Structures are given as structure tokens and as C-alpha cells.
$ cat start00.txt   # compact mmCIF, C-alpha atoms
# COMPACT_ATOMS: atom_id res chain seq x y z
CA MET A 1 0.00 0.00 0.00
CA SER A 2 1.47 3.35 -1.02
CA VAL A 3 0.65 6.75 0.43
CA LYS A 4 -0.57 9.42 -1.97
CA SER A 5 1.44 12.55 -2.59
CA THR A 6 1.46 14.99 0.31
CA SER A 7 0.56 17.75 -2.18
CA GLU A 8 -2.86 16.16 -2.64
CA LYS A 9 -5.23 17.54 -0.05
CA PRO A 10 -6.60 14.74 2.17
CA GLY A 11 -10.30 14.61 2.92
CA LEU A 12 -13.05 12.64 4.58
CA PRO A 13 -13.37 9.22 2.93
CA PRO A 14 -16.59 8.80 0.89
CA ASN A 15 -19.77 7.37 2.42
CA PHE A 16 -18.80 8.40 5.96
CA ASN A 17 -21.39 10.24 8.07
CA LYS A 18 -20.56 13.06 10.48
CA LEU A 19 -21.38 11.89 14.02
CA THR A 20 -24.56 13.29 15.61
CA LEU A 21 -26.59 12.55 18.72
CA SER A 22 -29.12 10.63 16.63
CA ASP A 23 -26.40 8.02 15.90
CA LYS A 24 -26.19 6.95 19.53
CA ASP A 25 -28.22 3.74 19.34
CA LEU A 26 -26.51 2.51 16.19
CA ILE A 27 -23.01 3.25 17.48
CA ASN A 28 -23.77 1.72 20.88
CA GLY A 29 -25.05 -1.40 19.18
CA PHE A 30 -21.54 -2.04 17.93
CA LEU A 31 -19.52 -0.73 20.88
CA LYS A 32 -21.52 -2.43 23.64
CA ALA A 33 -21.54 -5.81 21.88
CA GLU A 34 -17.89 -6.20 22.93
CA LYS A 35 -16.06 -5.64 26.21
CA GLN A 36 -14.31 -2.36 25.55
CA VAL A 37 -11.18 -1.54 27.54
CA VAL A 38 -9.98 1.60 25.71
CA SER A 39 -11.29 4.84 27.21
CA GLU A 40 -12.10 6.43 23.84
CA PHE A 41 -14.51 3.68 22.82
CA THR A 42 -17.80 5.03 24.17
CA PHE A 43 -20.42 7.05 22.34
CA THR A 44 -20.17 9.76 25.00
CA ASN A 45 -16.47 10.26 24.28
CA LEU A 46 -17.02 10.23 20.52
CA PHE A 47 -19.84 12.76 20.87
CA MET A 48 -17.90 15.03 23.22
CA TRP A 49 -14.97 15.36 20.81
CA ARG A 50 -16.87 15.11 17.50
CA ASN A 51 -16.32 18.74 16.49
CA HIS A 52 -12.69 18.77 17.55
CA TYR A 53 -11.82 15.65 15.55
CA GLN A 54 -14.54 15.91 12.87
CA THR A 55 -15.57 12.37 13.83
CA ALA A 56 -17.37 10.36 11.14
CA TRP A 57 -18.53 6.76 10.70
CA ARG A 58 -19.93 4.18 8.32
CA VAL A 59 -20.97 0.52 8.48
CA LEU A 60 -19.31 -1.85 6.01
CA ASN A 61 -19.81 -5.62 5.95
CA ASP A 62 -21.18 -5.77 9.52
CA CYS A 63 -18.33 -3.67 10.92
CA LEU A 64 -18.42 -0.12 12.25
CA LEU A 65 -15.64 2.07 10.84
CA ILE A 66 -14.79 5.35 12.59
CA VAL A 67 -12.46 8.07 11.31
CA LEU A 68 -11.18 11.22 13.00
CA ARG A 69 -9.04 14.12 11.84
CA SER A 70 -5.56 14.32 13.33
CA LEU A 71 -4.65 17.37 15.40
CA ASP A 72 -1.13 17.77 13.99
CA ASN A 73 -2.08 17.73 10.30
CA GLU A 74 -5.07 17.49 7.97
CA ASN A 75 -5.12 13.69 7.66
CA PHE A 76 -7.93 11.51 8.89
CA TYR A 77 -7.07 8.29 10.74
CA GLY A 78 -9.18 5.36 11.87
CA PHE A 79 -10.11 3.61 15.07
CA PRO A 80 -9.99 -0.21 14.93
CA PRO A 81 -13.18 -1.65 13.39
CA PHE A 82 -15.97 -2.88 15.68
CA GLY A 83 -18.58 -5.54 14.99
CA LYS A 84 -19.29 -9.15 14.15
CA GLY A 85 -17.91 -9.00 10.63
CA ASN A 86 -14.38 -9.87 9.56
CA ARG A 87 -12.45 -7.22 11.51
CA GLN A 88 -9.15 -8.09 9.83
CA GLN A 89 -10.66 -7.42 6.40
CA ALA A 90 -12.46 -4.36 7.77
CA ALA A 91 -9.13 -2.91 8.95
CA HIS A 92 -7.70 -3.38 5.46
CA ASP A 93 -10.82 -1.85 3.88
CA LEU A 94 -10.51 1.14 6.23
CA MET A 95 -6.83 1.63 5.37
CA THR A 96 -7.72 1.48 1.67
CA GLU A 97 -10.52 4.04 2.07
CA LEU A 98 -8.16 6.40 3.90
CA GLU A 99 -5.48 6.10 1.25
CA LYS A 100 -7.90 6.60 -1.65
CA SER A 101 -9.08 9.88 -0.11
CA GLY A 102 -5.52 11.19 0.19
CA ASN A 103 -4.95 10.37 3.86
CA GLN A 104 -2.07 8.49 5.43
CA PRO A 105 -3.41 4.96 6.04
CA ARG A 106 -3.25 4.35 9.79
CA ILE A 107 -5.33 3.09 12.70
CA LEU A 108 -4.75 4.49 16.18
CA ARG A 109 -5.81 3.49 19.74
CA ALA A 110 -5.97 -0.23 18.95
CA ASP A 111 -5.77 -2.48 22.00
CA ARG A 112 -3.66 -5.61 22.32
CA GLU A 113 -6.62 -7.93 21.66
CA PHE A 114 -7.20 -6.34 18.27
CA VAL A 115 -3.50 -6.44 17.36
CA GLU A 116 -3.10 -10.08 18.36
CA ASN A 117 -6.37 -11.42 16.95
CA CYS A 118 -7.48 -9.15 14.12
CA LEU A 119 -4.41 -7.65 12.48
CA ASP A 120 -2.74 -9.00 9.35
CA LEU A 121 0.88 -8.81 10.49
CA GLU A 122 2.11 -9.54 6.97
CA ARG A 123 0.64 -6.22 5.85
CA TYR A 124 0.71 -4.01 8.92
CA ALA A 125 2.97 -3.10 11.83
CA ALA A 126 1.73 -2.16 15.30
CA GLU A 127 3.75 0.11 17.59
CA PRO A 128 2.78 0.89 21.19
CA ASP A 129 2.00 4.54 22.04
CA PRO A 130 2.81 4.91 25.76
CA ASP A 131 1.52 8.50 25.92
CA GLN A 132 -1.97 7.20 25.10
CA ALA A 133 -2.02 4.23 27.51
CA ASP A 134 -4.96 4.33 29.93
CA TYR A 135 -4.47 4.26 33.71
CA VAL A 136 -6.79 1.74 35.40
CA TYR A 137 -7.34 1.61 39.16
CA LEU A 138 -9.09 -0.63 41.64
CA ALA A 139 -12.33 1.17 42.45
CA GLU A 140 -12.22 0.07 46.08
CA GLU A 141 -8.80 1.66 46.54
CA LEU A 142 -9.93 4.98 45.06
CA ALA A 143 -13.06 5.00 47.20
CA GLN A 144 -11.36 4.09 50.51
CA LEU A 145 -7.75 5.36 50.18
CA ARG A 146 -6.53 2.82 52.72
CA GLY A 147 -2.94 1.93 53.50
CA ARG A 148 0.46 3.57 53.32
CA ARG A 149 0.37 3.97 49.53
CA PHE A 150 -2.55 6.38 49.87
CA HIS A 151 -1.45 8.09 53.07
CA LYS A 152 -0.84 11.49 51.44
CA LYS A 153 -4.10 11.36 49.49
CA LYS A 154 -6.04 10.40 52.59
CA ASN A 155 -4.56 13.30 54.55
CA LEU A 156 -5.37 15.69 51.72
CA VAL A 157 -8.98 14.51 51.51
CA ASN A 158 -9.44 14.62 55.29
CA LYS A 159 -8.11 18.18 55.35
CA PHE A 160 -10.75 19.16 52.80
CA TYR A 161 -13.52 17.44 54.78
CA ARG A 162 -12.47 19.16 58.02
CA SER A 163 -12.13 22.60 56.45
CA ASN A 164 -15.31 22.79 54.39
CA GLU A 165 -19.04 22.39 54.82
CA TYR A 166 -19.88 20.61 51.59
CA GLU A 167 -22.58 18.49 50.01
CA TYR A 168 -22.21 15.80 47.36
CA LEU A 169 -25.04 15.54 44.83
CA GLU A 170 -25.79 13.33 41.87
CA LEU A 171 -25.92 15.53 38.79
CA ASN A 172 -29.44 16.22 37.53
CA GLN A 173 -31.09 18.68 35.17
CA ASP A 174 -31.83 21.10 38.01
CA ILE A 175 -28.14 21.82 38.63
CA VAL A 176 -26.69 21.47 35.11
CA SER A 177 -26.70 25.26 34.75
CA GLN A 178 -24.65 25.57 37.95
CA VAL A 179 -22.10 23.13 36.59
CA LEU A 180 -21.87 25.07 33.33
CA GLU A 181 -21.24 28.21 35.36
CA MET A 182 -18.50 26.47 37.35
CA GLN A 183 -16.88 25.21 34.11
CA GLU A 184 -16.89 28.76 32.75
CA LYS A 185 -15.11 30.02 35.87
CA TRP A 186 -12.60 27.15 35.68
CA CYS A 187 -11.82 28.16 32.10
CA ASP A 188 -11.34 31.76 33.16
CA LEU A 189 -8.81 30.67 35.77
CA ARG A 190 -6.95 28.48 33.27
CA HIS A 191 -7.22 30.97 30.37
CA CYS A 192 -8.81 28.44 28.03
CA GLU A 193 -8.93 31.02 25.24
CA LEU A 194 -5.13 30.78 24.98
CA ASP A 195 -5.04 26.96 24.78
CA PRO A 196 -6.80 25.32 21.79
CA GLY A 197 -6.95 21.99 23.61
CA LEU A 198 -8.69 23.46 26.66
CA LEU A 199 -10.96 25.50 24.42
CA HIS A 200 -12.16 22.41 22.55
CA GLU A 201 -12.51 20.52 25.83
CA ASP A 202 -14.67 23.36 27.13
CA GLN A 203 -16.91 23.04 24.08
CA GLY A 204 -17.11 19.27 24.54
CA ILE A 205 -18.02 19.55 28.21
CA GLY A 206 -20.69 22.07 27.30
CA ASP A 207 -22.14 19.62 24.75
CA LEU A 208 -22.21 16.82 27.33
CA LEU A 209 -23.91 18.95 29.95
CA GLU A 210 -26.44 20.43 27.53
CA ASN A 211 -27.37 16.89 26.43
CA TYR A 212 -27.19 15.36 29.89
CA GLY A 213 -29.93 12.76 30.20
CA LYS A 214 -29.70 11.87 26.51
CA LEU A 215 -26.27 10.28 26.89
CA ASP A 216 -25.19 7.30 28.99
CA CYS A 217 -22.91 9.24 31.30
CA LYS A 218 -23.67 10.16 34.89
CA GLY A 219 -22.26 12.94 36.99
CA GLY A 220 -21.61 14.08 40.52
CA VAL A 221 -20.95 17.51 42.01
CA ILE A 222 -19.57 18.99 45.20
CA ARG A 223 -21.27 22.15 46.41
CA ILE A 224 -19.83 24.47 49.03
CA LYS A 225 -22.06 27.19 50.44
CA GLY A 226 -24.60 26.47 47.73
CA ARG A 227 -22.20 26.81 44.79
CA VAL A 228 -20.82 24.02 42.61
CA GLN A 229 -17.06 23.91 43.10
CA ALA A 230 -16.27 20.53 41.54
CA PHE A 231 -17.88 18.01 39.20
CA SER A 232 -17.12 14.74 37.47
CA LEU A 233 -18.68 12.90 34.51
CA GLY A 234 -18.24 9.22 33.71
CA GLU A 235 -19.98 6.03 32.61
CA LEU A 236 -19.60 2.28 32.33
CA LEU A 237 -16.94 1.31 29.82
CA ASN A 238 -17.79 -2.37 30.28
CA PRO A 239 -19.69 -4.31 32.98
CA THR A 240 -16.77 -4.21 35.43
CA THR A 241 -15.10 -0.90 34.57
CA ALA A 242 -16.13 2.75 34.78
CA VAL A 243 -14.39 5.43 32.75
CA ILE A 244 -14.03 9.02 33.95
CA HIS A 245 -14.42 11.47 31.07
CA VAL A 246 -14.25 14.75 32.97
CA GLU A 247 -13.13 15.89 36.41
CA LYS A 248 -12.95 19.58 37.28
CA ALA A 249 -12.50 21.37 40.60
CA ASN A 250 -11.74 24.85 41.87
CA PRO A 251 -7.92 24.72 42.15
CA GLU A 252 -7.96 27.32 44.91
CA ILE A 253 -9.64 24.90 47.36
CA THR A 254 -7.10 22.53 48.92
CA GLY A 255 -7.96 18.84 48.55
CA LEU A 256 -11.03 19.41 46.40
CA TYR A 257 -9.77 17.44 43.40
CA ALA A 258 -8.90 14.48 45.64
CA ALA A 259 -12.29 14.65 47.35
CA MET A 260 -14.12 14.78 44.01
CA ASN A 261 -12.20 11.73 42.86
CA GLN A 262 -13.04 9.75 45.99
CA LEU A 263 -16.69 10.74 46.30
CA PHE A 264 -17.57 10.18 42.65
CA VAL A 265 -16.17 6.66 42.67
CA ALA A 266 -17.63 5.79 46.07
CA ARG A 267 -21.12 7.19 45.51
CA SER A 268 -21.79 7.41 41.80
CA MET A 269 -19.74 4.49 40.46
CA SER A 270 -20.21 1.99 43.27
CA GLY A 271 -20.32 -1.64 42.23
CA VAL A 272 -17.58 -1.57 39.59
CA GLU A 273 -14.25 -3.29 40.06
CA PHE A 274 -12.07 -0.93 38.06
CA VAL A 275 -11.92 2.75 37.14
CA ASN A 276 -10.27 3.88 33.92
CA ARG A 277 -9.01 7.46 34.27
CA GLU A 278 -7.73 7.78 30.71
CA GLN A 279 -4.23 8.69 29.48
CA ASP A 280 -1.57 11.23 30.41
CA LEU A 281 -0.91 12.42 26.81
CA GLY A 282 2.81 12.53 27.56
CA ARG A 283 2.41 15.48 29.93
CA GLU A 284 4.73 15.05 32.90
CA SER A 285 2.46 16.82 35.40
CA LEU A 286 -0.51 14.69 34.36
CA ARG A 287 1.59 11.52 34.45
CA LYS A 288 2.75 12.31 37.98
CA ALA A 289 -0.83 12.96 39.14
CA LYS A 290 -2.13 9.71 37.65
CA LYS A 291 0.73 7.64 39.05
CA SER A 292 0.13 9.10 42.51
CA TYR A 293 -3.10 7.09 42.73
CA ASN A 294 -1.22 3.79 42.22
CA PRO A 295 -2.76 2.31 39.06
CA HIS A 296 -3.59 -1.39 39.10
CA HIS A 297 -2.65 -1.78 35.42
CA MET A 298 -2.33 0.09 32.14
CA VAL A 299 -4.27 -0.44 28.92
CA GLU A 300 -1.78 -0.40 26.07
CA LYS A 301 -2.76 1.26 22.79
CA PHE A 302 -1.10 0.72 19.44
CA ASP A 303 -0.56 2.71 16.25
CA ILE A 304 -1.06 0.59 13.14
CA ARG A 305 0.51 1.45 9.78
CA PRO A 306 1.28 -0.43 6.54
CA LEU A 307 4.61 -2.23 6.54
CA ASP A 308 5.69 -0.40 3.37
$ encode --input "start00.txt" --output "C-alpha cells"
Amino acid sequence: MSVKSTSEKPGLPPNFNKLTLSDKDLINGFLKAEKQVVSEFTFTNLFMWRNHYQTAWRVLNDCLLIVLRSLDNENFYGFPPFGKGNRQQAAHDLMTELEKSGNQPRILRADREFVENCLDLERYAAEPDPDQADYVYLAEELAQLRGRRFHKKKNLVNKFYRSNEYEYLELNQDIVSQVLEMQEKWCDLRHCELDPGLLHEDQGIGDLLENYGKLDCKGGVIRIKGRVQAFSLGELLNPTTAVIHVEKANPEITGLYAAMNQLFVARSMSGVEFVNREQDLGRESLRKAKKSYNPHHMVEKFDIRPLD
């Protein structure tokens, strides 16, 4: 397989549909038929980032194909195919569609199961992408923070509890507007207008909150003196694992992030064994924060490209 000239402008492959809320049931029919382990593979995540990545999809031979536009150039790339069809052939078909439309043929965020069971290794190479690996934790440990490994976190959370009169609430339509207001203030503090990534995240969070109740995610908030100061949004990734899509807190309140983490898992995600808190994107500060909660394991993700 050869890549087309870089002078030829890449575009969306033909017969792909831009993702909309009305696609939820169809997309979920494919995603939920398998035990997903990669944090990106939920409709909520696809919907949240659809404008940022220009997410599009099509069904071909009983497989769901998803393409997204890369942030560092104009090329579209694919996610690994989902469905009951021949996923190995579907991956080849997807690569071919990408190449024909002027894109670099590649599939990103593939998990080890797909690489080992569905990839034609005579045609394609798979390389791990450690910056995209998901951090997965034991839910019980995040909810209880017991033992020496969590001593600092426990002290931080207890300091917040002692210093603040707070209430934890399940997110509902009555307080969505308060959460939107808190997100706006968080963006002001972080100067989202100067960071394209934070700006697109702000738009995605707004879309999730404005469509709350229509999506599968659930949320929790911490209010202090009647005002929302922290919130979290997540959902079931598979029957035993929750994934946290969003966690925001007022950075000026000591221990609030740690308290939001603990309370959301303990009260809103009770009953799951694991919690996937997504990747660190290669950012050292984010990597340090995620490692500080002592992950149980990582979910590897692979970049797939033609051998030639």
C-alpha cells in the first residue's frame, strides 16, 4: 500500500457520516456488543470530541468504521473496526478508504486484543503509544484510600472534609446550569482562550452537559455554600469498569480534586471493580498525578501502519 502525494489535499473518505446525537443507538449497538477496555470507545467520548476531531462513521460488511481528523495535520485516521464481521478485512478496507481519499493509512488506539487477533501482520505493523495508555485503578482503593500507599491522598482529603461544609449531589437537570457556570469560571482561571486543547474541551463539556440525560454518562458535584465547586462525569466502559471522562474542581480549594475523585467513585460508580481514568498524553504533570493514585494496570494502545 502506497501513500498518496502529500501535495494532494486529504479529505473525509466517501460514504462516511458526520457523528450526531441521533447516531447513539446505532453506534452503541456495535460498541456495547464487545467488552471495551480503551477509554475512547464510548459514544459519550465520541460525541464530546466530535467537532474537535470531525468524527465520522460508516458501516461496512457488519463492521463499524470510525475516522477522526488528526490534530497535527489534515489527515484523517481510523479507530480499529468494531462488529461481528471480519475485523481483519475491515481494517484493510478502512486503510484502503483512507489512502484513496488522500490520507495516510493508519489506525490508532488499537488495544492488544485487536492487534493479536485481528491484524494481518504480513501487511501491517503495530507500535505501542505509551503517551496514550490508559491508567486503570481498583475502584475500592480509590473510594477508601486505605494503606500507606494512599497516606498522602487520605490526609489531603481529610483536610478538605475538616475545612469545608460541603454536600455531594448526583448531577441532575436542576443543577446542570450551575455546573456550566463552574466550568466557565474554571476556564477563566486556566485561560482556556489561549489553549486550543482546553478550548475544545470546554466546548465538549458544554455539549455533554447540555445533552445530559440523553447520553449514557452520569455525573456528581460537590457544592460548598450552595455553589458548585467541583464536578465529574463518567460512565460504564464495560460491565466491570467505569471510565471518567471529565473531572474539574476549583484549584484554589485545597484537597477538592482528591475529594471529588473519591466521592464520585464511592457514591456514583459503586459496584464496579475498576476505574479507567484515561491517558496522560505525555504530559509530565498529568503523568505524575495519575501515578500518585497507584494504578492497578495500564491499557496499552497501538498505532497501526502499513509495513511499506
$ residues_around --input "start00.txt" --residues "A:Ile205" --least-positions-apart "2" --cutoff "12 Å" --atoms "all atoms listed in the file" --output "PyMOL selection string"
chain A and resi 44-45+47-52+176+179-184+186-187+198-203+207-212+217+219+231-234+245-248
$ atom_distance --input "start00.txt" --atom1 "atom CA of A:Leu98" --atom2 "atom CA of A:Pro14"
9.3 Å
$ residues_around --input "start00.txt" --residues "A:Glu165" --least-positions-apart "5" --cutoff "10 Å" --atoms "only C-alpha atoms" --output "PyMOL selection string"
chain A and resi 160+223-226
$ residues_around --input "start00.txt" --residues "stretch 65-75 of chain A" --least-positions-apart "2" --cutoff "6 Å" --atoms "all atoms listed in the file" --output "mmCIF file with C-alpha atoms, keeping the file's coordinate frame"
data_model
loop_
_atom_site.group_PDB
_atom_site.id
_atom_site.type_symbol
_atom_site.label_atom_id
_atom_site.label_comp_id
_atom_site.auth_asym_id
_atom_site.auth_seq_id
_atom_site.Cartn_x
_atom_site.Cartn_y
_atom_site.Cartn_z
ATOM 1 C CA PRO A 10 -6.600 14.740 2.170
ATOM 2 C CA TYR A 53 -11.820 15.650 15.550
ATOM 3 C CA GLN A 54 -14.540 15.910 12.870
ATOM 4 C CA THR A 55 -15.570 12.370 13.830
ATOM 5 C CA ALA A 56 -17.370 10.360 11.140
ATOM 6 C CA TRP A 57 -18.530 6.760 10.700
ATOM 7 C CA ARG A 58 -19.930 4.180 8.320
ATOM 8 C CA TYR A 77 -7.070 8.290 10.740
ATOM 9 C CA GLY A 78 -9.180 5.360 11.870
ATOM 10 C CA PHE A 79 -10.110 3.610 15.070
ATOM 11 C CA PRO A 81 -13.180 -1.650 13.390
ATOM 12 C CA ASN A 103 -4.950 10.370 3.860
#
$ residues_around --input "start00.txt" --residues "A:His297" --least-positions-apart "3" --cutoff "8 Å" --atoms "only C-alpha atoms" --output "list of chain:residue names"
A:Tyr135, A:Val136, A:Tyr137
$ atom_distance --input "start00.txt" --atom1 "atom CA of A:Glu113" --atom2 "atom CA of A:Phe76"
23.3 Å
$ axis_aligned_box --input "start00.txt" --around "stretch 248-267 of chain A" --padding-each-side "3 Å" --output "lines of an AutoDock Vina configuration file"
center_x = -14.1
center_y = 16.6
center_z = 43.1
size_x = 20.0
size_y = 27.5
size_z = 17.6
$ atom_distance --input "start00.txt" --atom1 "atom CA of A:Gln132" --atom2 "atom CA of A:Glu300"
7.7 Å
$ residues_around --input "start00.txt" --residues "A:Leu145" --least-positions-apart "3" --cutoff "12 Å" --atoms "all atoms listed in the file" --output "PyMOL selection string"
chain A and resi 137-142+148-158+258-259+261-263+265-266+292-294
$ closest_residue --input "start00.txt" --among "A:Ser163, A:Asn250, A:Leu119, A:Arg305" --to "A:Lys185" --atoms "all atoms listed in the file"
A:Asn250
$ residues_near_point --input "start00.txt" --point "(-0.5, -6.1, 7.7)" --cutoff "12 Å" --atoms "all atoms listed in the file" --output "list in words"
Met1, Gln88, Gln89, Ala91, His92, Asp93, Met95, Pro105, Arg106, Ile107, Val115, Glu116, Cys118, Leu119, Asp120, Leu121, Glu122, Arg123, Tyr124, Ala125, Ala126, Ile304, Arg305, Pro306, Leu307 and Asp308 of chain A
$ closest_atom_pairs --input "start00.txt" --of "stretch 67-91 of chain A" --to "stretch 22-33 of chain A" --cutoff "10 Å" --atoms "all atoms listed in the file" --output "CSV"
residue,atom,partner,partner_atom,distance
A:Pro81,CA,A:Phe30,CA,9.5
A:Phe82,CA,A:Phe30,CA,6.1
A:Gly83,CA,A:Phe30,CA,5.4
A:Lys84,CA,A:Phe30,CA,8.4
$ closest_residue --input "start00.txt" --among "A:Thr96, A:Gln36, A:Gln104, A:Gln178" --to "A:Ala230" --atoms "only C-alpha atoms"
A:Gln178
$ closest_residue --input "start00.txt" --among "A:Arg87, A:Phe264, A:Lys35, A:Thr20" --to "A:Leu215" --atoms "all atoms listed in the file"
A:Thr20
$ closest_residue --input "start00.txt" --among "A:Pro130, A:Gly11, A:Pro295, A:Pro239" --to "A:Asp280" --atoms "all atoms listed in the file"
A:Pro130
